[in-house]
$ cat data25.pdb   # PDB, C-alpha atoms
MODEL        1
ATOM      1  CA  MET G1264      24.553   0.934 -20.274
ATOM      2  CA  ILE G1265      27.230   1.617 -17.677
ATOM      3  CA  LYS G1266      26.544  -0.707 -14.766
ATOM      4  CA  PRO G1267      26.796   0.503 -11.162
ATOM      5  CA  SER G1268      30.108  -0.178  -9.433
ATOM      6  CA  ALA G1269      31.539   0.032  -5.939
ATOM      7  CA  GLN G1270      33.049   3.388  -6.935
ATOM      8  CA  LYS G1271      29.768   4.677  -8.427
ATOM      9  CA  PRO G1272      26.964   2.700  -6.771
ATOM     10  CA  LEU G1273      23.293   2.897  -7.644
ATOM     11  CA  LYS G1274      21.709   4.845  -4.796
ATOM     12  CA  ILE G1275      18.430   3.310  -3.614
ATOM     13  CA  GLY G1276      16.254   5.662  -1.565
ATOM     14  CA  THR G1277      13.913   4.331   1.100
ATOM     15  CA  ARG G1278      12.260   5.105   4.402
ATOM     16  CA  GLY G1279      14.031   3.710   7.437
ATOM     17  CA  SER G1280      11.357   1.438   8.913
ATOM     18  CA  PRO G1281      12.159  -2.293   9.087
ATOM     19  CA  LEU G1282       9.573  -3.037   6.393
ATOM     20  CA  ALA G1283      10.778  -0.270   4.084
ATOM     21  CA  LEU G1284      14.336  -1.542   4.457
ATOM     22  CA  ALA G1285      13.231  -5.122   3.750
ATOM     23  CA  GLN G1286      11.654  -3.864   0.508
ATOM     24  CA  ALA G1287      14.816  -1.957  -0.421
ATOM     25  CA  PHE G1288      16.955  -5.037   0.285
ATOM     26  CA  GLU G1289      14.662  -7.151  -1.899
ATOM     27  CA  THR G1290      15.053  -4.612  -4.695
ATOM     28  CA  ARG G1291      18.836  -4.622  -4.307
ATOM     29  CA  THR G1292      18.958  -8.433  -4.338
ATOM     30  CA  ARG G1293      16.892  -8.626  -7.535
ATOM     31  CA  LEU G1294      19.074  -6.015  -9.232
ATOM     32  CA  MET G1295      22.233  -7.854  -8.178
ATOM     33  CA  GLU G1296      20.930 -11.155  -9.536
ATOM     34  CA  ALA G1297      19.657  -9.636 -12.791
ATOM     35  CA  HIS G1298      22.852  -7.736 -13.609
ATOM     36  CA  GLY G1299      25.613  -9.733 -11.894
ATOM     37  CA  LEU G1300      26.344  -6.992  -9.377
ATOM     38  CA  THR G1301      27.990  -7.216  -5.980
ATOM     39  CA  GLU G1302      26.330  -5.759  -2.892
ATOM     40  CA  ASP G1303      28.598  -2.698  -2.804
ATOM     41  CA  CYS G1304      27.321  -1.677  -6.255
ATOM     42  CA  CYS G1305      23.976  -0.692  -4.698
ATOM     43  CA  GLU G1306      23.862   1.734  -1.778
ATOM     44  CA  ILE G1307      20.781   1.923   0.459
ATOM     45  CA  VAL G1308      20.050   5.568   1.359
ATOM     46  CA  ILE G1309      17.636   6.098   4.254
ATOM     47  CA  ILE G1310      15.468   9.197   4.027
ATOM     48  CA  LYS G1311      13.280  10.323   6.911
ATOM     49  CA  THR G1312       9.811  11.387   5.789
ATOM     50  CA  THR G1313       7.213  13.494   7.556
ATOM     51  CA  GLY G1314       5.162  10.321   8.052
ATOM     52  CA  ASP G1315       7.977   8.875  10.163
ATOM     53  CA  ASP G1316       7.737  11.655  12.761
ATOM     54  CA  ARG G1317       7.597   9.908  16.128
ATOM     55  CA  ALA G1318       5.426  12.585  17.715
ATOM     56  CA  LEU G1319       2.761  12.174  15.028
ATOM     57  CA  ILE G1320       2.893   8.388  15.352
ATOM     58  CA  ALA G1321       2.626   8.508  19.141
ATOM     59  CA  ALA G1322      -0.339  10.875  18.913
ATOM     60  CA  ASP G1323      -2.204   8.421  16.644
ATOM     61  CA  ARG G1324      -3.464  11.287  14.511
ATOM     62  CA  PRO G1325      -5.343  10.274  11.339
ATOM     63  CA  LEU G1326      -3.346  10.655   8.126
ATOM     64  CA  LYS G1327      -6.010  12.899   6.616
ATOM     65  CA  GLU G1328      -5.307  15.461   9.371
ATOM     66  CA  ILE G1329      -1.561  15.621   8.774
ATOM     67  CA  GLY G1330      -1.117  15.501   5.026
ATOM     68  CA  GLY G1331      -2.256  12.224   3.509
ATOM     69  CA  LYS G1332      -0.327   9.615   1.578
ATOM     70  CA  GLY G1333       2.293  12.125   0.462
ATOM     71  CA  LEU G1334       3.660  12.097   4.008
ATOM     72  CA  PHE G1335       5.523   8.900   3.125
ATOM     73  CA  THR G1336       6.873  10.000  -0.254
ATOM     74  CA  LYS G1337       7.502  13.760  -0.407
ATOM     75  CA  GLU G1338      11.071  13.867   0.935
ATOM     76  CA  ILE G1339      12.072  10.752  -1.007
ATOM     77  CA  GLU G1340      10.776  12.189  -4.269
ATOM     78  CA  GLU G1341      12.544  15.483  -3.574
ATOM     79  CA  ALA G1342      15.817  13.563  -3.159
ATOM     80  CA  LEU G1343      15.137  11.694  -6.405
ATOM     81  CA  LEU G1344      14.518  14.928  -8.324
ATOM     82  CA  ALA G1345      17.632  16.477  -6.793
ATOM     83  CA  GLY G1346      19.764  13.516  -7.871
ATOM     84  CA  THR G1347      20.711  12.562  -4.310
ATOM     85  CA  ILE G1348      19.335   9.083  -5.046
ATOM     86  CA  ASP G1349      18.897   7.205  -8.330
ATOM     87  CA  ILE G1350      15.748   5.187  -7.609
ATOM     88  CA  ALA G1351      13.157   5.102  -4.820
ATOM     89  CA  VAL G1352      11.429   2.028  -3.380
ATOM     90  CA  HIS G1353       7.832   2.406  -2.211
ATOM     91  CA  SER G1354       4.935   0.398  -0.839
ATOM     92  CA  MET G1355       2.464   0.990  -3.647
ATOM     93  CA  LYS G1356      -0.547   1.306  -1.376
ATOM     94  CA  ASP G1357       1.154   4.417   0.089
ATOM     95  CA  MET G1358       1.654   6.034  -3.314
ATOM     96  CA  PRO G1359      -0.491   8.927  -4.566
ATOM     97  CA  VAL G1360      -1.948   8.205  -7.994
ATOM     98  CA  GLU G1361       0.041  11.012  -9.621
ATOM     99  CA  GLN G1362       3.821  11.438  -9.616
ATOM    100  CA  PRO G1363       5.598  14.802  -9.561
ATOM    101  CA  ALA G1364       6.700  16.087 -12.971
ATOM    102  CA  GLY G1365       9.928  14.412 -14.021
ATOM    103  CA  LEU G1366       9.344  11.155 -12.112
ATOM    104  CA  VAL G1367       7.866   7.877 -13.327
ATOM    105  CA  LEU G1368       6.743   4.623 -11.738
ATOM    106  CA  ASP G1369       7.215   1.875 -14.298
ATOM    107  CA  CYS G1370       8.779  -0.965 -12.329
ATOM    108  CA  TYR G1371       6.922  -3.302  -9.991
ATOM    109  CA  LEU G1372       8.231  -6.362  -8.180
ATOM    110  CA  PRO G1373       6.151  -9.564  -8.072
ATOM    111  CA  ARG G1374       3.196  -8.961  -5.781
ATOM    112  CA  GLU G1375       3.036 -10.566  -2.347
ATOM    113  CA  ASP G1376      -0.044 -11.778  -0.442
ATOM    114  CA  VAL G1377      -2.738  -9.099  -0.813
ATOM    115  CA  ARG G1378      -4.789 -10.106   2.235
ATOM    116  CA  ASP G1379      -5.156  -8.363   5.582
ATOM    117  CA  ALA G1380      -3.844 -10.137   8.659
ATOM    118  CA  PHE G1381      -5.807 -10.415  11.908
ATOM    119  CA  VAL G1382      -3.424  -9.752  14.784
ATOM    120  CA  SER G1383      -4.281 -10.182  18.452
ATOM    121  CA  PRO G1384      -2.425 -11.513  21.488
ATOM    122  CA  LYS G1385      -5.714 -12.713  23.021
ATOM    123  CA  VAL G1386      -8.310 -13.505  20.346
ATOM    124  CA  ALA G1387      -8.088 -16.175  17.635
ATOM    125  CA  SER G1388     -10.068 -14.523  14.834
ATOM    126  CA  LEU G1389     -12.213 -11.580  13.819
ATOM    127  CA  ALA G1390     -15.335 -13.643  14.448
ATOM    128  CA  ASP G1391     -14.171 -14.322  18.005
ATOM    129  CA  LEU G1392     -13.872 -10.670  19.012
ATOM    130  CA  PRO G1393     -16.255 -10.062  21.930
ATOM    131  CA  GLU G1394     -18.944  -7.421  21.627
ATOM    132  CA  GLY G1395     -17.570  -3.948  22.253
ATOM    133  CA  ALA G1396     -13.928  -5.004  21.842
ATOM    134  CA  VAL G1397     -11.409  -2.241  21.095
ATOM    135  CA  VAL G1398      -9.805  -2.613  17.678
ATOM    136  CA  GLY G1399      -6.965  -0.368  16.558
ATOM    137  CA  SER G1400      -6.408   0.721  12.962
ATOM    138  CA  SER G1401      -5.180   3.831  11.178
ATOM    139  CA  SER G1402      -6.737   2.686   7.893
ATOM    140  CA  LEU G1403      -9.999   4.406   6.964
ATOM    141  CA  ARG G1404     -10.737   1.482   4.671
ATOM    142  CA  ARG G1405     -10.330  -1.179   7.371
ATOM    143  CA  ARG G1406     -12.214   0.890   9.914
ATOM    144  CA  ALA G1407     -15.173   1.405   7.575
ATOM    145  CA  GLN G1408     -15.248  -2.276   6.601
ATOM    146  CA  LEU G1409     -15.164  -3.319  10.261
ATOM    147  CA  ALA G1410     -17.871  -0.820  11.196
ATOM    148  CA  ASN G1411     -20.038  -2.246   8.443
ATOM    149  CA  ARG G1412     -19.576  -5.849   9.569
ATOM    150  CA  ARG G1413     -19.274  -5.327  13.315
ATOM    151  CA  PRO G1414     -20.875  -2.035  14.367
ATOM    152  CA  ASP G1415     -20.521  -3.132  18.004
ATOM    153  CA  LEU G1416     -16.714  -2.799  17.952
ATOM    154  CA  LYS G1417     -14.948   0.264  19.340
ATOM    155  CA  LEU G1418     -12.506   1.499  16.679
ATOM    156  CA  VAL G1419      -9.499   3.607  17.667
ATOM    157  CA  GLU G1420      -6.612   5.195  15.733
ATOM    158  CA  PHE G1421      -3.488   3.026  15.684
ATOM    159  CA  ARG G1422      -0.452   4.372  13.817
ATOM    160  CA  GLY G1423       3.171   3.296  13.516
ATOM    161  CA  ASN G1424       5.241   0.598  11.867
ATOM    162  CA  VAL G1425       4.652  -3.102  12.475
ATOM    163  CA  GLN G1426       6.803  -3.205  15.612
ATOM    164  CA  THR G1427       5.150  -0.115  17.083
ATOM    165  CA  ARG G1428       1.657  -1.510  16.546
ATOM    166  CA  LEU G1429       2.555  -4.862  18.082
ATOM    167  CA  ARG G1430       3.951  -3.053  21.111
ATOM    168  CA  LYS G1431       0.722  -1.072  21.464
ATOM    169  CA  LEU G1432      -1.231  -4.349  21.426
ATOM    170  CA  GLU G1433       0.977  -5.818  24.139
ATOM    171  CA  ASP G1434       0.456  -2.658  26.197
ATOM    172  CA  GLY G1435      -3.308  -3.174  26.018
ATOM    173  CA  ALA G1436      -4.163  -0.194  23.797
ATOM    174  CA  ALA G1437      -6.451  -2.494  21.799
ATOM    175  CA  THR G1438      -7.565  -6.116  21.692
ATOM    176  CA  ALA G1439      -6.709  -6.558  18.025
ATOM    177  CA  THR G1440      -5.408  -4.799  14.944
ATOM    178  CA  PHE G1441      -4.945  -5.501  11.250
ATOM    179  CA  LEU G1442      -1.738  -5.492   9.242
ATOM    180  CA  ALA G1443      -0.927  -6.427   5.659
ATOM    181  CA  MET G1444       0.097 -10.059   5.266
ATOM    182  CA  ALA G1445       2.615  -8.900   2.646
ATOM    183  CA  GLY G1446       4.481  -6.759   5.156
ATOM    184  CA  LEU G1447       4.591  -9.501   7.764
ATOM    185  CA  ASN G1448       5.837 -12.007   5.189
ATOM    186  CA  ARG G1449       8.565  -9.675   3.964
ATOM    187  CA  LEU G1450       9.725  -9.205   7.551
ATOM    188  CA  GLY G1451       9.695 -12.959   8.176
ATOM    189  CA  MET G1452       6.950 -12.357  10.737
ATOM    190  CA  GLY G1453       3.995 -14.179   9.223
ATOM    191  CA  TYR G1454       3.668 -16.037  12.513
ATOM    192  CA  VAL G1455       2.392 -12.818  14.130
ATOM    193  CA  ALA G1456      -0.935 -13.158  12.302
ATOM    194  CA  LYS G1457      -3.606 -15.323  13.859
ATOM    195  CA  GLY G1458      -4.811 -15.736  10.289
ATOM    196  CA  ALA G1459      -5.261 -14.007   6.940
ATOM    197  CA  ILE G1460      -8.675 -12.583   6.117
ATOM    198  CA  GLU G1461      -9.889 -13.718   2.721
ATOM    199  CA  VAL G1462     -10.563 -10.988   0.165
ATOM    200  CA  ASP G1463     -14.231 -11.986  -0.087
ATOM    201  CA  GLU G1464     -14.517 -11.023   3.571
ATOM    202  CA  MET G1465     -12.334  -7.894   3.542
ATOM    203  CA  LEU G1466     -11.359  -6.465   0.164
ATOM    204  CA  PRO G1467      -7.828  -5.054   0.455
ATOM    205  CA  ALA G1468      -6.489  -1.587  -0.263
ATOM    206  CA  VAL G1469      -5.626  -0.724  -3.840
ATOM    207  CA  ALA G1470      -2.089  -1.978  -4.647
ATOM    208  CA  GLN G1471      -1.707  -3.749  -1.292
ATOM    209  CA  GLY G1472       1.233  -6.166  -1.329
ATOM    210  CA  ALA G1473       3.013  -4.472  -4.247
ATOM    211  CA  ILE G1474       6.413  -2.759  -4.313
ATOM    212  CA  GLY G1475       6.963   0.022  -6.839
ATOM    213  CA  ILE G1476      10.279   1.545  -7.874
ATOM    214  CA  GLU G1477      10.294   5.170  -8.949
ATOM    215  CA  ARG G1478      12.953   6.850 -11.101
ATOM    216  CA  ARG G1479      13.689  10.072 -12.910
ATOM    217  CA  GLU G1480      12.070  10.062 -16.326
ATOM    218  CA  SER G1481      15.314  11.300 -17.886
ATOM    219  CA  CYS G1482      17.526   8.562 -16.388
ATOM    220  CA  GLU G1483      18.072   5.918 -19.080
ATOM    221  CA  ARG G1484      20.457   3.880 -16.918
ATOM    222  CA  ALA G1485      17.843   3.451 -14.197
ATOM    223  CA  ARG G1486      15.224   2.574 -16.816
ATOM    224  CA  GLU G1487      17.397  -0.187 -18.277
ATOM    225  CA  LEU G1488      18.419  -1.558 -14.879
ATOM    226  CA  LEU G1489      14.833  -1.690 -13.642
ATOM    227  CA  ALA G1490      13.395  -3.176 -16.830
ATOM    228  CA  ALA G1491      15.150  -6.449 -15.987
ATOM    229  CA  ILE G1492      13.305  -6.879 -12.687
ATOM    230  CA  HIS G1493       9.902  -5.517 -13.704
ATOM    231  CA  ASP G1494       6.944  -7.890 -13.204
ATOM    232  CA  ALA G1495       4.414  -7.368 -16.015
ATOM    233  CA  PRO G1496       1.498  -9.294 -14.398
ATOM    234  CA  THR G1497       1.721  -7.081 -11.299
ATOM    235  CA  ALA G1498       1.774  -4.005 -13.542
ATOM    236  CA  GLU G1499      -1.397  -5.134 -15.312
ATOM    237  CA  ARG G1500      -3.216  -5.586 -12.012
ATOM    238  CA  LEU G1501      -2.051  -2.244 -10.629
ATOM    239  CA  THR G1502      -2.961  -0.404 -13.826
ATOM    240  CA  ALA G1503      -6.597  -1.355 -13.296
ATOM    241  CA  GLU G1504      -6.582  -0.733  -9.536
ATOM    242  CA  ARG G1505      -4.847   2.641  -9.695
ATOM    243  CA  ALA G1506      -7.086   3.841 -12.533
ATOM    244  CA  PHE G1507     -10.038   2.890 -10.324
ATOM    245  CA  LEU G1508      -8.511   4.838  -7.438
ATOM    246  CA  ALA G1509      -7.592   7.863  -9.561
ATOM    247  CA  THR G1510     -11.104   8.222 -10.982
ATOM    248  CA  LEU G1511     -12.521   8.092  -7.455
ATOM    249  CA  ASP G1512     -10.058  10.843  -6.488
ATOM    250  CA  GLY G1513      -8.755   8.374  -3.936
ATOM    251  CA  SER G1514      -6.720   9.532  -0.977
ATOM    252  CA  CYS G1515      -6.351   8.668   2.667
ATOM    253  CA  GLU G1516      -9.600  10.611   3.180
ATOM    254  CA  THR G1517     -11.667   8.060   1.295
ATOM    255  CA  PRO G1518     -12.474   4.479   2.340
ATOM    256  CA  ILE G1519     -11.793   2.620  -0.921
ATOM    257  CA  ALA G1520     -10.949  -1.030  -1.575
ATOM    258  CA  GLY G1521      -9.982  -2.597  -4.872
ATOM    259  CA  LEU G1522      -8.340  -5.738  -6.174
ATOM    260  CA  ALA G1523      -7.597  -7.000  -9.677
ATOM    261  CA  VAL G1524      -6.563 -10.612 -10.294
ATOM    262  CA  HIS G1525      -5.759 -12.538 -13.442
ATOM    263  CA  ASP G1526      -8.729 -14.628 -14.467
ATOM    264  CA  GLY G1527      -8.191 -16.868 -17.461
ATOM    265  CA  ALA G1528      -7.048 -14.735 -20.375
ATOM    266  CA  GLY G1529      -8.026 -11.458 -18.744
ATOM    267  CA  LEU G1530      -8.449  -9.653 -15.433
ATOM    268  CA  TRP G1531     -11.185  -9.481 -12.832
ATOM    269  CA  LEU G1532     -11.456  -6.235 -10.845
ATOM    270  CA  ARG G1533     -13.571  -5.818  -7.741
ATOM    271  CA  GLY G1534     -14.010  -2.480  -6.031
ATOM    272  CA  GLU G1535     -15.953  -0.839  -3.241
ATOM    273  CA  ILE G1536     -16.431   2.557  -1.677
ATOM    274  CA  LEU G1537     -17.738   3.034   1.849
ATOM    275  CA  ARG G1538     -19.002   5.708   4.175
ATOM    276  CA  PRO G1539     -16.433   6.076   6.985
ATOM    277  CA  ASP G1540     -18.960   4.919   9.592
ATOM    278  CA  GLY G1541     -19.630   1.737   7.615
ATOM    279  CA  SER G1542     -23.321   2.554   7.204
ATOM    280  CA  GLU G1543     -23.237   2.093   3.429
ATOM    281  CA  VAL G1544     -21.068   0.142   0.982
ATOM    282  CA  ILE G1545     -21.269   0.330  -2.807
ATOM    283  CA  ARG G1546     -19.616  -2.540  -4.692
ATOM    284  CA  GLY G1547     -19.006  -3.494  -8.298
ATOM    285  CA  GLU G1548     -16.813  -5.599 -10.566
ATOM    286  CA  ARG G1549     -15.491  -5.834 -14.107
ATOM    287  CA  ARG G1550     -13.893  -8.536 -16.271
ATOM    288  CA  PHE G1551     -11.717  -7.350 -19.158
ATOM    289  CA  ALA G1552      -8.617  -7.883 -21.273
ATOM    290  CA  ALA G1553      -5.310  -6.757 -19.783
ATOM    291  CA  SER G1554      -4.959  -4.195 -22.567
ATOM    292  CA  ASP G1555      -8.142  -2.518 -21.312
ATOM    293  CA  ALA G1556      -7.044  -2.355 -17.660
ATOM    294  CA  ALA G1557      -6.907   1.425 -17.277
ATOM    295  CA  GLU G1558     -10.211   1.996 -19.060
ATOM    296  CA  ALA G1559     -11.949  -0.761 -17.076
ATOM    297  CA  GLY G1560     -10.682   0.583 -13.753
ATOM    298  CA  SER G1561     -11.954   4.071 -14.523
ATOM    299  CA  ASP G1562     -15.243   2.711 -15.833
ATOM    300  CA  LEU G1563     -15.897   0.729 -12.638
ATOM    301  CA  ALA G1564     -15.152   3.820 -10.549
ATOM    302  CA  ARG G1565     -17.624   5.883 -12.568
ATOM    303  CA  GLU G1566     -20.264   3.183 -12.097
ATOM    304  CA  LEU G1567     -19.845   3.236  -8.307
ATOM    305  CA  LEU G1568     -19.920   7.033  -8.262
ATOM    306  CA  SER G1569     -23.148   7.012 -10.260
ATOM    307  CA  GLN G1570     -24.734   4.749  -7.645
ATOM    308  CA  ALA G1571     -23.628   6.874  -4.688
ATOM    309  CA  PRO G1572     -26.283   9.106  -3.107
ATOM    310  CA  SER G1573     -25.701  12.839  -3.449
ATOM    311  CA  ASP G1574     -24.568  13.092   0.172
ATOM    312  CA  PHE G1575     -22.230  10.077   0.066
ATOM    313  CA  PHE G1576     -19.039  12.159   0.241
ATOM    314  CA  ASP G1577     -20.363  14.994   2.408
ATOM    315  CA  TRP G1578     -18.098  13.924   5.279
ATOM    316  CA  ARG G1579     -14.965  14.958   3.380
TER     317      ARG G1579
ENDMDL
END

$ encode --input "data25.pdb" --output "structure tokens"
Amino acid sequence: MIKPSAQKPLKIGTRGSPLALAQAFETRTRLMEAHGLTEDCCEIVIIKTTGDDRALIAADRPLKEIGGKGLFTKEIEEALLAGTIDIAVHSMKDMPVEQPAGLVLDCYLPREDVRDAFVSPKVASLADLPEGAVVGSSSLRRRAQLANRRPDLKLVEFRGNVQTRLRKLEDGAATATFLAMAGLNRLGMGYVAKGAIEVDEMLPAVAQGAIGIERRESCERARELLAAIHDAPTAERLTAERAFLATLDGSCETPIAGLAVHDGAGLWLRGEILRPDGSEVIRGERRFAASDAAEAGSDLARELLSQAPSDFFDWR
């Protein structure tokens, strides 16, 4: 393998938000440490995606109205296929379950905290929110879970990166919002959260807290470089979760939660699907060997689908 050099650096594609850059820097640091590289051997290439459009963010339009999860990946994957970049760094919860032909996702960094963070400049916890409080979230999953637990709350769309959402809170657009603890931790901003919500209380999004690194299937150099920083336990967990999501035909139009954790010698997967208004939740779980992760994830999804009333997805 010919290692990257200052003259021919490995080009790492990423969105330009502070969190996306933090994830790209973490990837670069791990590659440098694994292969004895200097910083100038890895070039960070910022790519603007449709999901970063300021007008769409300011309008707080739901993702399902403007293109779904692919909004955050399309331009980056096009650059990867064109050879403009060598690898692409993604938040895995933003990733569609299928990659374009010619691209593969086979490298994951060690997973961060999977929990949701309760964020409010005025209120100490979710339980302390007064009746009728305005809560901002762009996540269908969080909104449905909140509507199920607290139907009295007024839920409003709330898009943008971490800094944008915090600014909206300060401006009084909502009393509280929810962010991923992983993102806050990676930004060194864990102090922003009034507290983390335990997964028994709010099951997180599939792949929340995980960073995935995409490459061209034909690029052996990228495969060898990434193999050294790949975290197998995270891959096992995400195999189950993403199989669960794929079988449910998961997208930003569907409130779905799922989390796999290592449990003794195997894995424990919990999953749930919800109506967007929170009026119904269907839950299930599986315990299985890591080698059966994909099959178990799909099997749990089929079980939940079999329990869903015929009109469960009529809102799509």

$ residues_around --input "data25.pdb" --residues "G:Arg1412" --least-positions-apart "5" --cutoff "12 Å" --atoms "only C-alpha atoms" --output "list of chain:residue names"
G:Leu1389, G:Ala1390, G:Arg1405, G:Arg1406, G:Ala1407, G:Glu1464, G:Met1465, G:Leu1537, G:Asp1540, G:Gly1541, G:Ser1542, G:Glu1543, G:Val1544

$ resolve_selection --input "data25.pdb" --expression "the PyMOL selection byres ((chain G and resi 1352) around 12)" --output "ChimeraX atom specification"
/G:1274-1279,1282-1291,1307-1310,1335-1336,1339-1340,1343,1348-1351,1353-1355,1357-1358,1368-1372,1473-1478,1489

$ resolve_selection --input "data25.pdb" --expression "the PyMOL selection byres ((chain G and resi 1445-1451) around 8)" --output "list of chain:residue names"
G:Pro1281, G:Leu1282, G:Ala1285, G:Gln1286, G:Glu1375, G:Asp1376, G:Val1377, G:Arg1378, G:Val1425, G:Leu1442, G:Ala1443, G:Met1444, G:Met1452, G:Gly1453, G:Val1455, G:Gln1471, G:Gly1472

$ closest_atom_pairs --input "data25.pdb" --of "stretch 1446-1536 of chain G" --to "stretch 1568-1573 of chain G" --cutoff "10 Å" --atoms "only C-alpha atoms" --output "Markdown table"
| residue | atom | partner | partner_atom | distance |
| --- | --- | --- | --- | --- |
| G:Thr1510 | CA | G:Leu1568 | CA | 9.3 |
| G:Leu1511 | CA | G:Leu1568 | CA | 7.5 |
| G:Ile1536 | CA | G:Leu1568 | CA | 8.7 |

$ atom_distance --input "data25.pdb" --atom1 "atom CA of G:Phe1421" --atom2 "atom CA of G:Gly1521"
22.3 Å

$ closest_residue --input "data25.pdb" --among "G:Asp1574, G:Asp1303, G:Glu1548, G:Asp1434" --to "G:Asp1562" --atoms "all atoms listed in the file"
G:Glu1548

$ resolve_selection --input "data25.pdb" --expression "the PyMOL selection byres ((chain G and resi 1532) around 10)" --output "list in words"
Arg1500, Ala1503, Glu1504, Phe1507, Gly1521, Leu1522, Ala1523, Val1524, His1525, Asp1526, Leu1530, Trp1531, Arg1533, Gly1534, Gly1547, Glu1548, Arg1549, Arg1550, Phe1551, Ala1556, Ala1559, Gly1560 and Leu1563 of chain G

$ write_last_selection --input "data25.pdb" --atoms "C-alpha atoms" --output "mmCIF file, keeping the file's coordinate frame"
data_model
loop_
_atom_site.group_PDB
_atom_site.id
_atom_site.type_symbol
_atom_site.label_atom_id
_atom_site.label_comp_id
_atom_site.auth_asym_id
_atom_site.auth_seq_id
_atom_site.Cartn_x
_atom_site.Cartn_y
_atom_site.Cartn_z
ATOM 1 C CA ARG G 1500 -3.216 -5.586 -12.012
ATOM 2 C CA ALA G 1503 -6.597 -1.355 -13.296
ATOM 3 C CA GLU G 1504 -6.582 -0.733 -9.536
ATOM 4 C CA PHE G 1507 -10.038 2.890 -10.324
ATOM 5 C CA GLY G 1521 -9.982 -2.597 -4.872
ATOM 6 C CA LEU G 1522 -8.340 -5.738 -6.174
ATOM 7 C CA ALA G 1523 -7.597 -7.000 -9.677
ATOM 8 C CA VAL G 1524 -6.563 -10.612 -10.294
ATOM 9 C CA HIS G 1525 -5.759 -12.538 -13.442
ATOM 10 C CA ASP G 1526 -8.729 -14.628 -14.467
ATOM 11 C CA LEU G 1530 -8.449 -9.653 -15.433
ATOM 12 C CA TRP G 1531 -11.185 -9.481 -12.832
ATOM 13 C CA ARG G 1533 -13.571 -5.818 -7.741
ATOM 14 C CA GLY G 1534 -14.010 -2.480 -6.031
ATOM 15 C CA GLY G 1547 -19.006 -3.494 -8.298
ATOM 16 C CA GLU G 1548 -16.813 -5.599 -10.566
ATOM 17 C CA ARG G 1549 -15.491 -5.834 -14.107
ATOM 18 C CA ARG G 1550 -13.893 -8.536 -16.271
ATOM 19 C CA PHE G 1551 -11.717 -7.350 -19.158
ATOM 20 C CA ALA G 1556 -7.044 -2.355 -17.660
ATOM 21 C CA ALA G 1559 -11.949 -0.761 -17.076
ATOM 22 C CA GLY G 1560 -10.682 0.583 -13.753
ATOM 23 C CA LEU G 1563 -15.897 0.729 -12.638
#

$ residues_around --input "data25.pdb" --residues "G:Ser1401" --least-positions-apart "2" --cutoff "7 Å" --atoms "only C-alpha atoms" --output "PyMOL selection string"
chain G and resi 1325+1403+1420-1422

$ atom_distance --input "data25.pdb" --atom1 "atom CA of G:Ala1364" --atom2 "atom CA of G:Arg1505"
18.0 Å

$ atom_distance --input "data25.pdb" --atom1 "atom CA of G:Leu1273" --atom2 "atom CA of G:Val1360"
25.8 Å

$ closest_residue --input "data25.pdb" --among "G:Lys1271, G:Lys1385, G:Lys1356, G:Arg1484" --to "G:Ala1470" --atoms "all atoms listed in the file"
G:Lys1356

$ residues_near_point --input "data25.pdb" --point "(7.8, -7.8, -9.7)" --cutoff "7 Å" --atoms "all atoms listed in the file" --output "MDAnalysis selection string"
chainID G and resid 1371:1374 1492:1494 1497

$ axis_aligned_box --input "data25.pdb" --around "stretch 1544-1555 of chain G" --padding-each-side "3 Å" --output "JSON"
{"center_x": -13.1, "center_y": -4.1, "center_z": -10.8, "size_x": 22.3, "size_y": 14.9, "size_z": 29.5}
